[in-house]
Amino acid sequence: MVPRFLRSVGLVGCAVCVVVSCGGARNDADDRPSVVVTFSPLASVVESIVGDAADVTVLVPNGTDPHEFAPSARDVERLRAADIVVANGLELEEGLVESLGSVPTLYEVTDHVTLRANDPHVWLDPMTIAEAVPSLAAALGDALGVDLADAATRETNELKSIDAEVRGILDVVPSCTLVTGHESLGYFGARYGCDVVGSIVPGLSSSAEATAADLANLRQVIEDRDVSAIFVELGTPSDVADQLSRETGASVVELATHFVPEHGGYRAMMTSMAHAIAGALS
């Protein structure tokens, strides 16, 4: 993979909702630096690196599926004024692809990590995110005119600590076999020894649709593998999950894969996921 670092082009329109830090883009009365991040798990990491060096805002409201988010023209000026925009990439932000292609300074996390094919769900593995931290901190520092090397070291250590905590939580699981809402837990499964055997929506995007044949095959997998839980997330059709549950006896467990708690940040999101999985499988 050849990384694309910072790209400089023109204007963009997207919707913005503050998540990790109050404030927003610059205006006549406020000349503080501005960082815009596409969605909340990444924004939590960026805010930890940036500290009080800039205001951090997020485009996709916390807990909203970035696959399905559609931008508004209302916040064009905020993105125009941002010193740097941080996105996930690999078309996770499906409705923002065209707009992100023309922001003045863009950093895409998926350009700086080891990828599993074209799977964009890199934030669900803290050690994959840790791969991007040095270059992310450098890009943020260049855009903001500050040295964030020490912050990068602290955040890398924090991500290693989160990884260790998640491993400890999952140690109680005798066999981590996962059926998911869509193909979102590939990085998580590879990191923590979980076998992802199927998904309700057969694709990397929650906007895809399952056919009757897809669901029949998944039902057979659940029965053959004695799967005890179906892990759903934003974008999973609840009626289909409930039907599979009735037909197979597997429970339906919701994972907050896109929601960062107000207190606890990215660590709380990841450990809550781990607890939910461990509780359902042990």
# chains A, B, ... in the order shown; residues from 1 in each chain; ligands from 1
$ select_by_dssp --residues "range 21-117 of chain A" --states "strand (DSSP E or B)" --output "mmCIF file with C-alpha atoms, in the first residue's frame"
data_model
loop_
_atom_site.group_PDB
_atom_site.id
_atom_site.type_symbol
_atom_site.label_atom_id
_atom_site.label_comp_id
_atom_site.auth_asym_id
_atom_site.auth_seq_id
_atom_site.Cartn_x
_atom_site.Cartn_y
_atom_site.Cartn_z
ATOM 1 C CA ASN A 27 -15.012 32.802 12.268
ATOM 2 C CA ASP A 30 -12.663 33.151 16.934
ATOM 3 C CA SER A 34 -10.089 23.910 13.812
ATOM 4 C CA VAL A 35 -9.941 20.163 13.203
ATOM 5 C CA VAL A 36 -12.917 18.426 11.600
ATOM 6 C CA VAL A 37 -13.281 14.635 11.960
ATOM 7 C CA ASP A 55 -11.275 22.874 18.492
ATOM 8 C CA VAL A 56 -12.366 19.426 17.313
ATOM 9 C CA THR A 57 -15.734 18.881 15.628
ATOM 10 C CA VAL A 58 -17.284 15.827 14.039
ATOM 11 C CA ILE A 84 -7.335 19.794 8.608
ATOM 12 C CA VAL A 85 -10.060 17.193 8.071
ATOM 13 C CA VAL A 86 -9.554 13.650 9.384
ATOM 14 C CA ALA A 87 -11.581 10.879 7.740
ATOM 15 C CA LEU A 106 -7.315 15.761 4.236
ATOM 16 C CA TYR A 107 -5.882 12.877 6.281
ATOM 17 C CA GLU A 108 -7.481 9.451 5.740
#
$ residues_around --residues "range 219-224 of chain A" --least-positions-apart "5" --cutoff "8 Å" --atoms "only C-alpha atoms" --output "ChimeraX atom specification"
/A:179,197-198,244,247-248,250
$ closest_residue --among "A:Leu144, A:Leu159, A:Leu124, A:Val232" --to "Asp52 in chain A" --atoms "only C-alpha atoms"
A:Leu144
$ residues_around --residues "range 200-203 of chain A" --least-positions-apart "5" --cutoff "9 Å" --atoms "only C-alpha atoms" --output "list in words"
Val179, Thr180, Gly181, His182, Glu183, Ser184, Ala208, Glu209, Ala210, Thr211, Asp214, Leu215, Leu218, Ile230, Val232, Thr236, Pro237, Val240 and Ala241 of chain A
$ closest_residue --among "A:Val97, A:Val50, A:Val252, A:Val60" --to "Ala152 in chain A" --atoms "only C-alpha atoms"
A:Val50
$ atom_distance --atom1 "CA of Ala149 in chain A" --atom2 "CA of Gly89 in chain A"
23.6 Å
$ residues_around --residues "range 256-270 of chain A" --least-positions-apart "4" --cutoff "7 Å" --atoms "only C-alpha atoms" --output "PyMOL selection string"
chain A and resi 40-41+44-45+62-65+162+233+274
$ residues_around --residues "Glu93 in chain A" --least-positions-apart "6" --cutoff "8 Å" --atoms "only C-alpha atoms" --output "compact mmCIF listing (two decimals) with N, CA and C atoms, in the first residue's frame"
# COMPACT_ATOMS: atom_id res chain seq x y z
N THR A 38 -14.59 13.04 10.70
CA THR A 38 -15.84 12.57 10.11
C THR A 38 -16.78 11.92 11.11
N PRO A 66 -22.05 6.03 9.70
CA PRO A 66 -21.40 6.83 8.66
C PRO A 66 -21.66 6.31 7.25
N HIS A 67 -22.03 5.01 7.13
CA HIS A 67 -22.38 4.48 5.81
C HIS A 67 -23.58 5.23 5.23
N GLU A 68 -24.48 5.68 6.10
CA GLU A 68 -25.76 6.21 5.64
C GLU A 68 -25.87 7.73 5.76
N PHE A 69 -24.86 8.37 6.31
CA PHE A 69 -24.95 9.81 6.55
C PHE A 69 -24.91 10.59 5.24
$ residues_around --residues "Thr114 in chain A" --least-positions-apart "4" --cutoff "8 Å" --atoms "only C-alpha atoms" --output "compact mmCIF listing (two decimals) with N, CA, C and O atoms, in the first residue's frame"
# COMPACT_ATOMS: atom_id res chain seq x y z
N THR A 110 -7.20 5.17 6.77
CA THR A 110 -6.97 3.91 6.07
C THR A 110 -5.80 3.97 5.10
O THR A 110 -5.38 2.93 4.57
N THR A 128 -4.72 -1.43 15.24
CA THR A 128 -4.71 -0.92 13.87
C THR A 128 -4.73 0.61 13.88
O THR A 128 -3.98 1.25 13.13
N GLU A 131 -1.35 2.11 14.56
CA GLU A 131 -0.43 2.20 13.43
C GLU A 131 -0.45 3.60 12.80
O GLU A 131 0.56 4.10 12.30
$ closest_residue --among "A:Thr153, A:Ser99, A:Thr105, A:Asn88" --to "Ser48 in chain A" --atoms "only C-alpha atoms"
A:Thr153
$ closest_residue --among "A:Val133, A:Leu42, A:Leu79, A:Leu281" --to "Glu155 in chain A" --atoms "only C-alpha atoms"
A:Val133
$ atom_distance --atom1 "CA of Leu92 in chain A" --atom2 "CA of Phe39 in chain A"
10.2 Å
$ closest_residue --among "A:Ser205, A:Phe231, A:Ala216, A:Leu148" --to "Met273 in chain A" --atoms "only C-alpha atoms"
A:Phe231
